[in-house]
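Trainee: Dropping in run-v1.pdb, with PDB, C-alpha atoms, pLDDT in the B column.
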MODEL        1
ATOM      1  CA  MET T   1      24.075   9.053  14.006  1.00 43.00           C
ATOM      2  CA  SER T   2      25.231   5.946  15.779  1.00 45.00           C
ATOM      3  CA  ASP T   3      26.962   3.331  13.664  1.00 46.00           C
ATOM      4  CA  THR T   4      25.844   0.562  16.004  1.00 46.00           C
ATOM      5  CA  PHE T   5      22.154   1.419  15.986  1.00 46.00           C
ATOM      6  CA  LEU T   6      21.313   2.263  12.379  1.00 50.00           C
ATOM      7  CA  SER T   7      17.818   2.303  10.950  1.00 55.00           C
ATOM      8  CA  LYS T   8      17.107   0.130   7.958  1.00 62.00           C
ATOM      9  CA  GLY T   9      14.842   2.855   6.613  1.00 66.00           C
ATOM     10  CA  ASP T  10      15.798   2.256   3.003  1.00 71.00           C
ATOM     11  CA  ALA T  11      14.424  -1.275   3.199  1.00 72.00           C
ATOM     12  CA  ALA T  12      11.196  -0.030   4.787  1.00 71.00           C
ATOM     13  CA  GLU T  13      10.773   2.624   2.118  1.00 75.00           C
ATOM     14  CA  GLU T  14      11.423   0.064  -0.622  1.00 77.00           C
ATOM     15  CA  HIS T  15       8.783  -2.300   0.792  1.00 74.00           C
ATOM     16  CA  SER T  16       6.360   0.583   1.178  1.00 76.00           C
ATOM     17  CA  ARG T  17       6.858   1.694  -2.438  1.00 80.00           C
ATOM     18  CA  HIS T  18       6.511  -1.898  -3.672  1.00 79.00           C
ATOM     19  CA  ILE T  19       3.199  -2.415  -1.859  1.00 78.00           C
ATOM     20  CA  GLN T  20       1.940   0.954  -3.099  1.00 75.00           C
ATOM     21  CA  SER T  21       2.882   0.069  -6.689  1.00 77.00           C
ATOM     22  CA  ILE T  22       1.014  -3.243  -6.446  1.00 74.00           C
ATOM     23  CA  GLY T  23      -2.114  -1.330  -5.501  1.00 70.00           C
ATOM     24  CA  GLU T  24      -1.667   1.075  -8.389  1.00 69.00           C
ATOM     25  CA  THR T  25      -1.445  -1.764 -10.929  1.00 71.00           C
ATOM     26  CA  PHE T  26      -5.008  -2.842 -10.348  1.00 62.00           C
ATOM     27  CA  SER T  27      -6.861  -1.630 -13.368  1.00 57.00           C
ATOM     28  CA  GLN T  28     -10.534  -1.117 -13.606  1.00 45.00           C
ATOM     29  CA  ALA T  29     -12.412  -4.132 -14.897  1.00 44.00           C
ATOM     30  CA  PHE T  30     -13.782  -3.812 -18.395  1.00 45.00           C
ATOM     31  CA  SER T  31     -16.923  -1.736 -18.697  1.00 47.00           C
ATOM     32  CA  MET T  32     -20.173  -2.972 -20.117  1.00 48.00           C
ATOM     33  CA  ASN T  33     -20.735   0.232 -22.149  1.00 54.00           C
ATOM     34  CA  GLY T  34     -24.458   0.283 -21.502  1.00 56.00           C
ATOM     35  CA  CYS T  35     -25.360  -2.882 -23.370  1.00 56.00           C
ATOM     36  CA  LYS T  36     -29.047  -3.530 -22.969  1.00 56.00           C
ATOM     37  CA  THR T  37     -30.587  -6.915 -23.436  1.00 55.00           C
ATOM     38  CA  ASN T  38     -33.100  -9.122 -21.742  1.00 59.00           C
ATOM     39  CA  LEU T  39     -30.568 -11.915 -21.357  1.00 67.00           C
ATOM     40  CA  THR T  40     -29.970 -12.647 -17.703  1.00 75.00           C
ATOM     41  CA  VAL T  41     -26.377 -13.645 -18.475  1.00 71.00           C
ATOM     42  CA  ILE T  42     -25.473 -10.040 -19.308  1.00 72.00           C
ATOM     43  CA  GLY T  43     -27.114  -8.863 -16.083  1.00 75.00           C
ATOM     44  CA  ASN T  44     -25.236 -11.442 -14.056  1.00 78.00           C
ATOM     45  CA  LEU T  45     -21.971 -10.558 -15.771  1.00 79.00           C
ATOM     46  CA  SER T  46     -22.509  -6.865 -15.133  1.00 81.00           C
ATOM     47  CA  GLU T  47     -23.196  -7.554 -11.452  1.00 84.00           C
ATOM     48  CA  THR T  48     -20.082  -9.748 -11.241  1.00 85.00           C
ATOM     49  CA  VAL T  49     -17.944  -7.033 -12.847  1.00 85.00           C
ATOM     50  CA  ARG T  50     -19.224  -4.488 -10.309  1.00 87.00           C
ATOM     51  CA  GLY T  51     -18.323  -6.912  -7.516  1.00 87.00           C
ATOM     52  CA  VAL T  52     -14.829  -7.464  -8.901  1.00 88.00           C
ATOM     53  CA  MET T  53     -14.301  -3.721  -9.244  1.00 87.00           C
ATOM     54  CA  ALA T  54     -15.446  -3.165  -5.647  1.00 89.00           C
ATOM     55  CA  ASN T  55     -13.090  -5.896  -4.412  1.00 88.00           C
ATOM     56  CA  ASN T  56     -10.198  -4.409  -6.398  1.00 87.00           C
ATOM     57  CA  ASP T  57     -10.871  -0.978  -4.907  1.00 86.00           C
ATOM     58  CA  ALA T  58     -11.000  -2.427  -1.395  1.00 88.00           C
ATOM     59  CA  TYR T  59      -7.742  -4.302  -2.001  1.00 87.00           C
ATOM     60  CA  LYS T  60      -6.059  -1.124  -3.296  1.00 85.00           C
ATOM     61  CA  LYS T  61      -7.103   0.701  -0.123  1.00 86.00           C
ATOM     62  CA  LEU T  62      -5.776  -2.153   2.026  1.00 87.00           C
ATOM     63  CA  LEU T  63      -2.426  -2.140   0.210  1.00 86.00           C
ATOM     64  CA  SER T  64      -2.216   1.624   0.575  1.00 85.00           C
ATOM     65  CA  LYS T  65      -2.816   1.325   4.323  1.00 86.00           C
ATOM     66  CA  ASP T  66      -0.086  -1.341   4.566  1.00 86.00           C
ATOM     67  CA  ALA T  67       2.365   0.859   2.684  1.00 86.00           C
ATOM     68  CA  THR T  68       1.505   3.816   4.914  1.00 87.00           C
ATOM     69  CA  ALA T  69       1.922   1.707   8.055  1.00 87.00           C
ATOM     70  CA  ILE T  70       5.394   0.587   6.960  1.00 86.00           C
ATOM     71  CA  THR T  71       6.393   4.190   6.291  1.00 87.00           C
ATOM     72  CA  ASP T  72       4.992   5.296   9.669  1.00 89.00           C
ATOM     73  CA  VAL T  73       6.988   2.620  11.504  1.00 88.00           C
ATOM     74  CA  LYS T  74      10.132   3.694   9.643  1.00 88.00           C
ATOM     75  CA  THR T  75       9.542   7.341  10.611  1.00 89.00           C
ATOM     76  CA  GLU T  76       9.002   6.461  14.281  1.00 90.00           C
ATOM     77  CA  TYR T  77      12.097   4.266  14.268  1.00 89.00           C
ATOM     78  CA  ASP T  78      14.215   7.044  12.714  1.00 88.00           C
ATOM     79  CA  GLU T  79      13.003   9.534  15.347  1.00 90.00           C
ATOM     80  CA  PHE T  80      13.704   7.034  18.134  1.00 91.00           C
ATOM     81  CA  ASP T  81      17.150   6.302  16.716  1.00 88.00           C
ATOM     82  CA  GLN T  82      17.966  10.029  16.538  1.00 88.00           C
ATOM     83  CA  LYS T  83      16.792  10.669  20.124  1.00 90.00           C
ATOM     84  CA  LEU T  84      18.712   7.651  21.411  1.00 88.00           C
ATOM     85  CA  SER T  85      21.846   8.805  19.607  1.00 87.00           C
ATOM     86  CA  GLU T  86      21.494  12.277  21.109  1.00 86.00           C
ATOM     87  CA  CYS T  87      21.038  10.836  24.599  1.00 87.00           C
ATOM     88  CA  MET T  88      24.171   8.764  24.149  1.00 85.00           C
ATOM     89  CA  GLY T  89      26.098  11.787  22.895  1.00 81.00           C
ATOM     90  CA  ILE T  90      26.505  10.339  19.399  1.00 76.00           C
ATOM     91  CA  GLN T  91      25.794  12.646  16.485  1.00 65.00           C
TER
ENDMDL
END
Could you spell out this file's structure in structure tokens?
Mentor:
Amino acid sequence: MSDTFLSKGDAAEEHSRHIQSIGETFSQAFSMNGCKTNLTVIGNLSETVRGVMANNDAYKKLLSKDATAITDVKTEYDEFDQKLSECMGIQ
């Protein structure tokens, strides 16, 4: 591989893993364990928890897509670098 046109794939992989790990750290919000009451506060809290959990799930998916995109760019760059090196006669 060419010494003048090296891929910084390690950095891309590190960023990808970091973003993926951020997504994995999102834990599920606490569960309500089926508490039943006629207090509207509990109902509102339960609805809020469901909303937070849905937002966390959406954010995890977004982070996963970002991590995948970084990895895909790294892969394309490595393939391009290899083809360019071969065209230039550099192994």
Trainee: In Å to one decimal, how far is atom CA of Asn56 of chain T from atom CA of Glu13 of chain T?
Mentor: 23.7 Å
Trainee: Mind pulling up the distance from atom CA of Asn55 of chain T to atom CA of Ala12 of chain T?
Mentor: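 Atom CA of Asn55 of chain T lies 26.6 Å from atom CA of Ala12 of chain T.
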Trainee: Interatomic distance between atom CA of Gly23 of chain T and atom CA of Leu63 of chain T?
Mentor: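 So the answer is 5.8 Å.
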Trainee: Suppose a student applies the PyMOL selection byres ((chain T and resi 14-22) around 12) to this structure; what residues should they get, written as a PyMOL selection string?
Mentor: chain T and resi 8-13+23-27+56+59-74
Trainee: Around segment 75-79 of chain T, with edges along x, y and z and 3 Å added on all six sides, what centre and edge lengths do you get, in Å to one decimal, as lines of an AutoDock Vina configuration file?
Mentor:
center_x = 11.6
center_y = 6.9
center_z = 13.0
size_x = 11.2
size_y = 11.3
size_z = 10.7
Trainee: Can you give me N, CA, C and O atoms for segment 38-63 of chain T, written as a CSV table (one decimal), in the coordinates of the input?
Mentor:
chain,number,residue,atom,x,y,z
T,38,ASN,N,-32.3,-8.4,-22.7
T,38,ASN,CA,-33.1,-9.1,-21.7
T,38,ASN,C,-32.5,-10.4,-21.3
T,38,ASN,O,-33.1,-11.2,-20.6
T,39,LEU,N,-31.2,-10.7,-21.8
T,39,LEU,CA,-30.6,-11.9,-21.4
T,39,LEU,C,-30.1,-11.8,-19.9
T,39,LEU,O,-29.4,-10.8,-19.6
T,40,THR,N,-30.4,-12.7,-19.1
T,40,THR,CA,-30.0,-12.6,-17.7
T,40,THR,C,-28.5,-12.8,-17.6
T,40,THR,O,-27.9,-12.4,-16.6
T,41,VAL,N,-27.8,-13.4,-18.5
T,41,VAL,CA,-26.4,-13.6,-18.5
T,41,VAL,C,-25.7,-12.3,-18.4
T,41,VAL,O,-24.7,-12.1,-17.7
T,42,ILE,N,-26.1,-11.4,-19.3
T,42,ILE,CA,-25.5,-10.0,-19.3
T,42,ILE,C,-25.7,-9.3,-18.0
T,42,ILE,O,-24.8,-8.7,-17.4
T,43,GLY,N,-26.9,-9.5,-17.4
T,43,GLY,CA,-27.1,-8.9,-16.1
T,43,GLY,C,-26.2,-9.5,-15.0
T,43,GLY,O,-25.7,-8.7,-14.2
T,44,ASN,N,-26.1,-10.8,-15.0
T,44,ASN,CA,-25.2,-11.4,-14.1
T,44,ASN,C,-23.8,-11.0,-14.2
T,44,ASN,O,-23.1,-10.8,-13.3
T,45,LEU,N,-23.3,-10.9,-15.5
T,45,LEU,CA,-22.0,-10.6,-15.8
T,45,LEU,C,-21.7,-9.1,-15.3
T,45,LEU,O,-20.7,-8.9,-14.7
T,46,SER,N,-22.6,-8.3,-15.6
T,46,SER,CA,-22.5,-6.9,-15.1
T,46,SER,C,-22.4,-6.8,-13.6
T,46,SER,O,-21.6,-6.0,-13.1
T,47,GLU,N,-23.2,-7.5,-12.9
T,47,GLU,CA,-23.2,-7.6,-11.5
T,47,GLU,C,-21.9,-8.1,-11.0
T,47,GLU,O,-21.3,-7.6,-10.0
T,48,THR,N,-21.4,-9.1,-11.6
T,48,THR,CA,-20.1,-9.7,-11.2
T,48,THR,C,-18.9,-8.8,-11.5
T,48,THR,O,-18.0,-8.6,-10.6
T,49,VAL,N,-19.0,-8.0,-12.6
T,49,VAL,CA,-17.9,-7.0,-12.8
T,49,VAL,C,-18.0,-6.0,-11.8
T,49,VAL,O,-16.9,-5.5,-11.3
T,50,ARG,N,-19.1,-5.5,-11.4
T,50,ARG,CA,-19.2,-4.5,-10.3
T,50,ARG,C,-18.6,-5.0,-9.0
T,50,ARG,O,-17.9,-4.3,-8.3
T,51,GLY,N,-18.9,-6.3,-8.7
T,51,GLY,CA,-18.3,-6.9,-7.5
T,51,GLY,C,-16.8,-7.0,-7.6
T,51,GLY,O,-16.1,-6.7,-6.6
T,52,VAL,N,-16.3,-7.4,-8.7
T,52,VAL,CA,-14.8,-7.5,-8.9
T,52,VAL,C,-14.2,-6.1,-8.8
T,52,VAL,O,-13.2,-5.9,-8.1
T,53,MET,N,-14.8,-5.1,-9.3
T,53,MET,CA,-14.3,-3.7,-9.2
T,53,MET,C,-14.3,-3.3,-7.8
T,53,MET,O,-13.4,-2.6,-7.3
T,54,ALA,N,-15.4,-3.6,-7.1
T,54,ALA,CA,-15.4,-3.2,-5.6
T,54,ALA,C,-14.4,-3.9,-4.8
T,54,ALA,O,-13.7,-3.3,-4.0
T,55,ASN,N,-14.1,-5.2,-5.1
T,55,ASN,CA,-13.1,-5.9,-4.4
T,55,ASN,C,-11.7,-5.3,-4.7
T,55,ASN,O,-10.9,-5.2,-3.9
T,56,ASN,N,-11.5,-5.0,-6.0
T,56,ASN,CA,-10.2,-4.4,-6.4
T,56,ASN,C,-10.0,-3.1,-5.7
T,56,ASN,O,-8.9,-2.8,-5.2
T,57,ASP,N,-11.0,-2.3,-5.6
T,57,ASP,CA,-10.9,-1.0,-4.9
T,57,ASP,C,-10.6,-1.2,-3.4
T,57,ASP,O,-9.7,-0.5,-2.9
T,58,ALA,N,-11.3,-2.1,-2.8
T,58,ALA,CA,-11.0,-2.4,-1.4
T,58,ALA,C,-9.6,-2.9,-1.2
T,58,ALA,O,-8.9,-2.6,-0.2
T,59,TYR,N,-9.1,-3.8,-2.1
T,59,TYR,CA,-7.7,-4.3,-2.0
T,59,TYR,C,-6.7,-3.2,-2.2
T,59,TYR,O,-5.7,-3.1,-1.5
T,60,LYS,N,-7.0,-2.3,-3.1
T,60,LYS,CA,-6.1,-1.1,-3.3
T,60,LYS,C,-6.0,-0.3,-2.0
T,60,LYS,O,-4.9,0.1,-1.6
T,61,LYS,N,-7.1,-0.1,-1.4
T,61,LYS,CA,-7.1,0.7,-0.1
T,61,LYS,C,-6.3,0.0,1.0
T,61,LYS,O,-5.6,0.6,1.7
T,62,LEU,N,-6.5,-1.4,1.0
T,62,LEU,CA,-5.8,-2.2,2.0
T,62,LEU,C,-4.3,-2.1,1.8
T,62,LEU,O,-3.5,-1.9,2.7
T,63,LEU,N,-3.8,-2.2,0.5
T,63,LEU,CA,-2.4,-2.1,0.2
T,63,LEU,C,-1.9,-0.8,0.5
T,63,LEU,O,-0.7,-0.6,1.0
